[in-house]
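Chemist: What follows is a structure written as C-alpha coordinates; I'll ask about it next.
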Amino acid sequence: MTTDRLAEHYALCGVALRESDRDRWLACLFAPEAARPHLFALYAFNAEIARIRSLVSQPILGEMRLQWWIDALDSLEGAEPRGDLRAHPVADALLATVERRDLPRQVLLDALEARRFDLYEDPAPDMAFLDCYCDETCSALFGLASRIIGGTPGGDDGAEAVETLAARHAGRAFALVGLLRALPWHVAQRQCYLPGDLLARHGLTASNFFAREKNPAIAAALAELRTLARDHIGEAKHSLLSLPKAGREAFRLLALPELYLREMERRDYDPYLTLVDVPLWRRQWALWRNKP
(Lines give C-alpha, C1' and ligand atoms only; values in the text may rest on other atoms or scores of the structure.)
Protein backbone atom coordinates (compact mmCIF):
# COMPACT_ATOMS: atom_id res chain seq x y z
CA MET A 1 0.00 0.00 0.00
CA THR A 2 1.50 3.31 -1.04
CA THR A 3 1.66 6.20 1.37
CA ASP A 4 -0.67 8.25 -0.87
CA ARG A 5 -3.25 5.47 -1.01
CA LEU A 6 -3.22 5.03 2.76
CA ALA A 7 -3.55 8.79 3.29
CA GLU A 8 -6.57 8.71 0.98
CA HIS A 9 -8.10 5.91 3.03
CA TYR A 10 -7.60 7.86 6.26
CA ALA A 11 -9.31 10.84 4.62
CA LEU A 12 -12.21 8.61 3.53
CA CYS A 13 -12.56 7.44 7.13
CA GLY A 14 -12.97 11.07 8.12
CA VAL A 15 -15.65 11.60 5.49
CA ALA A 16 -17.51 8.45 6.56
CA LEU A 17 -17.28 9.43 10.20
CA ARG A 18 -18.68 12.88 9.50
CA GLU A 19 -21.78 11.25 8.04
CA SER A 20 -22.23 8.46 10.57
CA ASP A 21 -21.03 9.84 13.91
CA ARG A 22 -20.93 13.63 13.91
CA ASP A 23 -20.08 13.88 17.62
CA ARG A 24 -16.89 11.86 17.40
CA TRP A 25 -15.97 13.58 14.14
CA LEU A 26 -16.27 16.97 15.82
CA ALA A 27 -14.14 15.81 18.74
CA CYS A 28 -11.45 14.62 16.31
CA LEU A 29 -11.10 18.16 14.96
CA PHE A 30 -9.78 19.26 18.36
CA ALA A 31 -7.27 16.41 18.62
CA PRO A 32 -3.57 16.81 17.74
CA GLU A 33 -3.13 16.75 13.97
CA ALA A 34 -0.82 13.72 14.02
CA ALA A 35 -3.41 11.67 15.90
CA ARG A 36 -6.43 12.76 13.88
CA PRO A 37 -6.20 10.23 11.00
CA HIS A 38 -5.84 7.35 13.44
CA LEU A 39 -8.85 8.54 15.43
CA PHE A 40 -10.82 8.76 12.18
CA ALA A 41 -9.91 5.13 11.46
CA LEU A 42 -10.80 3.89 14.95
CA TYR A 43 -14.13 5.70 15.10
CA ALA A 44 -15.07 4.83 11.52
CA PHE A 45 -14.50 1.18 12.40
CA ASN A 46 -16.79 1.59 15.39
CA ALA A 47 -19.47 3.21 13.21
CA GLU A 48 -19.20 0.34 10.71
CA ILE A 49 -19.79 -2.40 13.27
CA ALA A 50 -22.43 -0.42 15.20
CA ARG A 51 -24.69 -0.23 12.14
CA ILE A 52 -24.47 -3.86 11.07
CA ARG A 53 -27.89 -4.69 12.52
CA SER A 54 -29.52 -2.04 10.34
CA LEU A 55 -27.87 -3.41 7.19
CA VAL A 56 -28.85 -7.07 7.41
CA SER A 57 -32.14 -8.95 7.23
CA GLN A 58 -31.02 -11.93 9.30
CA PRO A 59 -28.64 -12.36 12.25
CA ILE A 60 -26.51 -14.87 10.35
CA LEU A 61 -25.69 -12.17 7.79
CA GLY A 62 -24.61 -9.89 10.61
CA GLU A 63 -22.48 -12.69 12.05
CA MET A 64 -20.76 -12.97 8.67
CA ARG A 65 -19.95 -9.27 8.65
CA LEU A 66 -18.54 -9.46 12.18
CA GLN A 67 -16.47 -12.48 11.19
CA TRP A 68 -15.05 -10.52 8.25
CA TRP A 69 -13.72 -7.93 10.70
CA ILE A 70 -12.37 -10.64 13.00
CA ASP A 71 -10.53 -12.16 10.05
CA ALA A 72 -9.25 -8.71 9.10
CA LEU A 73 -7.70 -8.22 12.54
CA ASP A 74 -6.33 -11.75 12.49
CA SER A 75 -4.60 -10.95 9.19
CA LEU A 76 -2.17 -8.77 11.15
CA GLU A 77 -0.53 -12.02 12.16
CA GLY A 78 0.12 -12.89 8.50
CA ALA A 79 3.00 -11.84 6.31
CA GLU A 80 0.90 -10.32 3.53
CA PRO A 81 -2.39 -8.42 3.94
CA ARG A 82 -5.32 -9.79 1.96
CA GLY A 83 -6.23 -7.89 -1.17
CA ASP A 84 -9.82 -7.23 -0.06
CA LEU A 85 -8.50 -5.49 3.07
CA ARG A 86 -6.21 -3.20 1.10
CA ALA A 87 -9.23 -2.22 -1.02
CA HIS A 88 -11.44 -1.46 2.01
CA PRO A 89 -10.61 2.07 3.21
CA VAL A 90 -11.73 1.63 6.83
CA ALA A 91 -10.13 -1.80 7.25
CA ASP A 92 -6.90 -0.68 5.61
CA ALA A 93 -6.68 2.46 7.76
CA LEU A 94 -7.63 0.60 10.95
CA LEU A 95 -5.02 -2.11 10.46
CA ALA A 96 -2.37 0.53 9.77
CA THR A 97 -3.41 2.37 12.94
CA VAL A 98 -3.26 -0.81 15.04
CA GLU A 99 0.31 -1.36 13.87
CA ARG A 100 1.53 2.25 13.98
CA ARG A 101 -0.02 3.10 17.36
CA ASP A 102 0.51 -0.35 18.86
CA LEU A 103 -3.13 -0.85 19.73
CA PRO A 104 -4.12 -4.11 21.47
CA ARG A 105 -5.96 -6.28 18.95
CA GLN A 106 -7.87 -8.07 21.69
CA VAL A 107 -9.72 -4.90 22.68
CA LEU A 108 -11.05 -4.58 19.13
CA LEU A 109 -11.91 -8.29 19.01
CA ASP A 110 -13.82 -7.90 22.28
CA ALA A 111 -15.79 -5.03 20.75
CA LEU A 112 -16.73 -7.24 17.81
CA GLU A 113 -17.81 -10.02 20.15
CA ALA A 114 -19.97 -7.60 22.16
CA ARG A 115 -21.67 -6.42 18.96
CA ARG A 116 -23.16 -9.90 18.47
CA PHE A 117 -25.76 -8.87 21.04
CA ASP A 118 -27.00 -6.20 18.62
CA LEU A 119 -27.99 -8.83 16.08
CA TYR A 120 -30.59 -10.59 18.20
CA GLU A 121 -33.73 -9.69 20.15
CA ASP A 122 -32.62 -11.09 23.50
CA PRO A 123 -33.07 -8.42 26.20
CA ALA A 124 -30.20 -7.27 28.41
CA PRO A 125 -30.56 -9.53 31.48
CA ASP A 126 -29.13 -7.22 34.13
CA MET A 127 -27.01 -4.16 34.84
CA ALA A 128 -23.81 -6.20 35.08
CA PHE A 129 -24.35 -7.38 31.50
CA LEU A 130 -25.06 -3.85 30.28
CA ASP A 131 -21.96 -2.51 32.04
CA CYS A 132 -19.85 -5.11 30.24
CA TYR A 133 -21.47 -4.25 26.92
CA CYS A 134 -20.81 -0.53 27.46
CA ASP A 135 -17.22 -1.23 28.50
CA GLU A 136 -16.40 -3.31 25.43
CA THR A 137 -18.19 -1.11 22.88
CA CYS A 138 -17.61 2.40 24.24
CA SER A 139 -15.23 2.56 27.21
CA ALA A 140 -12.70 0.73 25.07
CA LEU A 141 -12.87 3.53 22.50
CA PHE A 142 -11.92 6.13 25.10
CA GLY A 143 -8.98 3.98 26.16
CA LEU A 144 -7.79 3.39 22.60
CA ALA A 145 -8.21 7.05 21.69
CA SER A 146 -6.08 8.02 24.67
CA ARG A 147 -3.43 5.56 23.52
CA ILE A 148 -3.52 7.02 20.01
CA ILE A 149 -3.12 10.56 21.30
CA GLY A 150 -0.35 9.41 23.63
CA GLY A 151 -1.76 10.95 26.76
CA THR A 152 -0.28 8.67 29.43
CA PRO A 153 3.48 8.13 29.55
CA GLY A 154 4.49 4.50 29.30
CA GLY A 155 5.53 2.85 32.55
CA ASP A 156 3.43 5.11 34.77
CA ASP A 157 1.21 2.45 36.32
CA GLY A 158 -0.66 4.93 38.51
CA ALA A 159 -1.60 7.19 35.61
CA GLU A 160 -2.60 4.20 33.51
CA ALA A 161 -4.91 2.96 36.27
CA VAL A 162 -6.56 6.38 36.55
CA GLU A 163 -6.90 6.59 32.77
CA THR A 164 -8.52 3.14 32.69
CA LEU A 165 -10.98 4.17 35.39
CA ALA A 166 -11.80 7.41 33.58
CA ALA A 167 -12.33 5.50 30.33
CA ARG A 168 -14.66 3.03 32.03
CA HIS A 169 -16.91 5.72 33.48
CA ALA A 170 -16.78 7.95 30.40
CA GLY A 171 -17.68 5.04 28.15
CA ARG A 172 -20.56 3.91 30.33
CA ALA A 173 -21.98 7.42 30.45
CA PHE A 174 -21.62 7.94 26.70
CA ALA A 175 -23.08 4.51 25.90
CA LEU A 176 -26.05 4.84 28.26
CA VAL A 177 -26.98 8.20 26.80
CA GLY A 178 -26.62 6.75 23.30
CA LEU A 179 -28.91 3.84 24.15
CA LEU A 180 -31.51 6.19 25.64
CA ARG A 181 -31.39 8.33 22.51
CA ALA A 182 -31.80 5.22 20.34
CA LEU A 183 -34.83 3.96 22.25
CA PRO A 184 -37.35 4.77 19.45
CA TRP A 185 -35.35 2.65 16.98
CA HIS A 186 -34.77 -0.17 19.45
CA VAL A 187 -38.47 -0.37 20.30
CA ALA A 188 -39.32 -0.51 16.59
CA GLN A 189 -36.84 -3.40 16.18
CA ARG A 190 -38.06 -5.11 19.38
CA GLN A 191 -34.66 -4.80 21.00
CA CYS A 192 -34.32 -4.01 24.68
CA TYR A 193 -31.02 -2.75 26.05
CA LEU A 194 -32.63 -1.67 29.33
CA PRO A 195 -31.40 -4.13 32.00
CA GLY A 196 -33.92 -6.64 33.26
CA ASP A 197 -33.12 -6.12 36.95
CA LEU A 198 -33.71 -2.36 36.65
CA LEU A 199 -37.02 -2.95 34.87
CA ALA A 200 -38.08 -5.49 37.49
CA ARG A 201 -37.50 -2.96 40.28
CA HIS A 202 -40.12 -0.79 38.61
CA GLY A 203 -42.52 -3.65 37.89
CA LEU A 204 -41.73 -3.63 34.18
CA THR A 205 -40.57 -5.97 31.42
CA ALA A 206 -39.39 -5.35 27.89
CA SER A 207 -42.97 -5.95 26.67
CA ASN A 208 -44.11 -2.73 28.36
CA PHE A 209 -41.76 -0.79 26.12
CA PHE A 210 -42.63 -2.72 22.99
CA ALA A 211 -46.28 -1.86 23.66
CA ARG A 212 -45.20 1.81 23.87
CA GLU A 213 -46.84 2.22 27.25
CA LYS A 214 -46.60 5.56 29.02
CA ASN A 215 -46.84 5.42 32.78
CA PRO A 216 -44.97 6.60 35.88
CA ALA A 217 -43.01 3.33 36.18
CA ILE A 218 -41.50 3.74 32.71
CA ALA A 219 -40.68 7.38 33.40
CA ALA A 220 -39.02 6.36 36.68
CA ALA A 221 -36.96 3.60 35.04
CA LEU A 222 -35.66 5.97 32.36
CA ALA A 223 -34.95 8.64 34.97
CA GLU A 224 -32.90 6.10 36.93
CA LEU A 225 -30.78 5.40 33.87
CA ARG A 226 -30.25 9.11 33.31
CA THR A 227 -29.14 9.49 36.92
CA LEU A 228 -26.75 6.57 36.47
CA ALA A 229 -25.30 8.20 33.35
CA ARG A 230 -24.75 11.44 35.29
CA ASP A 231 -23.05 9.50 38.09
CA HIS A 232 -20.62 8.03 35.55
CA ILE A 233 -19.96 11.50 34.11
CA GLY A 234 -19.11 12.76 37.59
CA GLU A 235 -16.82 9.80 38.32
CA ALA A 236 -15.03 10.22 34.99
CA LYS A 237 -14.46 13.93 35.52
CA HIS A 238 -13.15 13.27 39.03
CA SER A 239 -10.66 10.73 37.67
CA LEU A 240 -9.52 13.11 34.94
CA LEU A 241 -8.38 15.65 37.53
CA SER A 242 -5.48 13.31 38.30
CA LEU A 243 -4.30 13.05 34.69
CA PRO A 244 -1.87 15.38 32.90
CA LYS A 245 -3.29 17.73 30.27
CA ALA A 246 -2.32 15.47 27.36
CA GLY A 247 -4.08 12.54 29.03
CA ARG A 248 -7.37 14.42 29.14
CA GLU A 249 -7.63 15.24 25.43
CA ALA A 250 -9.21 11.89 24.50
CA PHE A 251 -12.06 12.65 26.94
CA ARG A 252 -13.23 15.88 25.33
CA LEU A 253 -16.33 13.99 24.14
CA LEU A 254 -17.50 13.85 27.74
CA ALA A 255 -18.87 17.37 27.23
CA LEU A 256 -21.76 16.06 25.13
CA PRO A 257 -23.81 13.49 27.12
CA GLU A 258 -25.13 16.11 29.55
CA LEU A 259 -26.52 18.12 26.62
CA TYR A 260 -28.62 15.15 25.52
CA LEU A 261 -29.69 14.30 29.07
CA ARG A 262 -31.14 17.80 29.45
CA GLU A 263 -33.14 17.36 26.25
CA MET A 264 -34.62 14.14 27.67
CA GLU A 265 -35.93 16.08 30.66
CA ARG A 266 -37.98 18.55 28.66
CA ARG A 267 -41.71 18.45 29.34
CA ASP A 268 -42.50 17.45 25.75
CA TYR A 269 -40.03 14.54 25.70
CA ASP A 270 -41.59 11.29 24.46
CA PRO A 271 -39.19 8.32 24.79
CA TYR A 272 -40.88 6.53 21.89
CA LEU A 273 -41.04 9.42 19.43
CA THR A 274 -38.62 12.21 20.36
CA LEU A 275 -35.41 12.23 18.33
CA VAL A 276 -33.07 13.66 20.95
CA ASP A 277 -30.66 16.02 19.24
CA VAL A 278 -28.73 19.21 19.95
CA PRO A 279 -27.86 21.94 17.41
CA LEU A 280 -24.41 21.55 15.91
CA TRP A 281 -23.20 24.91 17.21
CA ARG A 282 -24.05 23.93 20.79
CA ARG A 283 -22.08 20.71 20.46
CA GLN A 284 -19.10 22.55 18.97
CA TRP A 285 -19.24 25.13 21.77
CA ALA A 286 -19.42 22.43 24.46
CA LEU A 287 -16.45 20.60 22.98
CA TRP A 288 -14.41 23.79 22.74
CA ARG A 289 -15.21 24.71 26.36
CA ASN A 290 -14.20 21.21 27.49
CA LYS A 291 -10.59 21.78 26.44
CA PRO A 292 -8.06 19.99 28.70
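Residue numbering restarts at 1 in every chain; chains get A, B, ... in the order shown in the C-alpha coordinates, and ligands count up from 1 in that same order.
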Leaving out region 52-61 of chain A and any residue of its chain fewer than 3 positions from it, which residues lie within 9 Å of it when counting only C-alpha atoms, given as a ChimeraX atom specification?
Modeler: /A:47-49,64-66,115-116,118-120
Chemist: How close does region 70-185 of chain A get to region 12-32 of chain A? List, as JSON lines, each residue of region 70-185 of chain A within 8 Å, its nearest atom pair and the distance in Å to one decimal, counting only C-alpha atoms.
Modeler:
{"residue": "A:Pro89", "atom": "CA", "partner": "A:Leu12", "partner_atom": "CA", "distance": 6.7}
{"residue": "A:Val90", "atom": "CA", "partner": "A:Cys13", "partner_atom": "CA", "distance": 5.9}
{"residue": "A:Ala93", "atom": "CA", "partner": "A:Cys13", "partner_atom": "CA", "distance": 7.7}
{"residue": "A:Ile149", "atom": "CA", "partner": "A:Pro32", "partner_atom": "CA", "distance": 7.2}
Chemist: Sort by chain and increasing residue number a table of all residues of region 64-132 of chain A within 10 Å of region 155-178 of chain A, each with its closest pair of atoms and their distance in Å to one decimal, counting only C-alpha atoms, and write it as a Markdown table.
Modeler:
| residue | atom | partner | partner_atom | distance |
| --- | --- | --- | --- | --- |
| A:Leu130 | CA | A:Arg172 | CA | 9.0 |
| A:Asp131 | CA | A:Arg172 | CA | 6.8 |
| A:Cys132 | CA | A:Arg172 | CA | 9.0 |
Chemist: Report the closest atom pair, with its distance in Å rounded to one decimal, for each residue of region 239-258 of chain A that has an atom no farther than 12 Å from region 271-282 of chain A; count only C-alpha atoms, sort by chain and then rising residue number, and write it as a tab-separated table.
Modeler:
residue	atom	partner	partner_atom	distance
A:Ala255	CA	A:Arg282	CA	10.5
A:Leu256	CA	A:Val278	CA	9.2
A:Pro257	CA	A:Val278	CA	10.4
A:Glu258	CA	A:Val278	CA	10.7
Chemist: Counting only C-alpha atoms, figure out which residue out of A:Asp126, A:Glu136, A:Asp110, A:Glu249 gets nearest to Gly196 (chain A).
Modeler: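 Using only C-alpha atoms, the shortest distance to Gly196 (chain A) belongs to A:Asp126.
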Chemist: Quick one: residues within 9 Å of Pro104 (chain A), only C-alpha atoms, excluding same-chain residues fewer than 4 positions away - as a ChimeraX atom specification?
Modeler: /A:98,108,144
Chemist: Could you please take those selected residues and save N, CA and C atoms as a PDB file, in the first residue's frame?
Modeler:
ATOM      1  N   VAL A  98      -3.585   0.194  14.016  1.00  0.00           N
ATOM      2  CA  VAL A  98      -3.264  -0.811  15.038  1.00  0.00           C
ATOM      3  C   VAL A  98      -1.752  -1.044  15.100  1.00  0.00           C
ATOM      4  N   LEU A 108     -10.187  -4.703  20.306  1.00  0.00           N
ATOM      5  CA  LEU A 108     -11.052  -4.585  19.134  1.00  0.00           C
ATOM      6  C   LEU A 108     -11.835  -5.872  18.898  1.00  0.00           C
ATOM      7  N   LEU A 144      -8.591   3.459  23.822  1.00  0.00           N
ATOM      8  CA  LEU A 144      -7.792   3.390  22.601  1.00  0.00           C
ATOM      9  C   LEU A 144      -7.474   4.781  22.059  1.00  0.00           C
TER      10      LEU A 144
END
Chemist: May I ask for the distance between CA of Glu33 (chain A) and CA of Pro244 (chain A), given in Å to one decimal place?
Modeler: 19.0 Å
Chemist: To one decimal place in Å, what is the distance between CA of Arg181 (chain A) and CA of Arg105 (chain A)?
Modeler: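 Value for the CA of Arg181 (chain A)-CA of Arg105 (chain A) distance: 29.5 Å.
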Chemist: Pull the helix (DSSP H, G or I) assignments for region 61-289 of chain A out of DSSP run on the backbone, and list those residues as an NGL selection string.
Modeler: :A and (61-77 or 83-86 or 89-100 or 105-119 or 127-149 or 157-181 or 183-188 or 196-201 or 206-210 or 216-240 or 245-255 or 257-264 or 280-289)
Chemist: Could you tell me which of A:Ala72, A:Cys192, A:Leu254, A:Ala219 comes closest to Gly234 (chain A) if we count only C-alpha atoms?
Modeler: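 Among A:Ala72, A:Cys192, A:Leu254, A:Ala219, it is A:Leu254 that comes nearest to Gly234 (chain A).
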Chemist: Rounded to one decimal in Å, what is the spacing between CA of Ala229 (chain A) and CA of Gly247 (chain A)?
Modeler: 22.1 Å
Chemist: Mind checking which residues fall within 8 Å of Leu94 (chain A), counting only C-alpha atoms, ignoring those fewer than 6 positions away in the same chain, and posting them as a list in words?
Modeler: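 Answer for this query is His38, Ala41, Leu42 and Phe45 of chain A.
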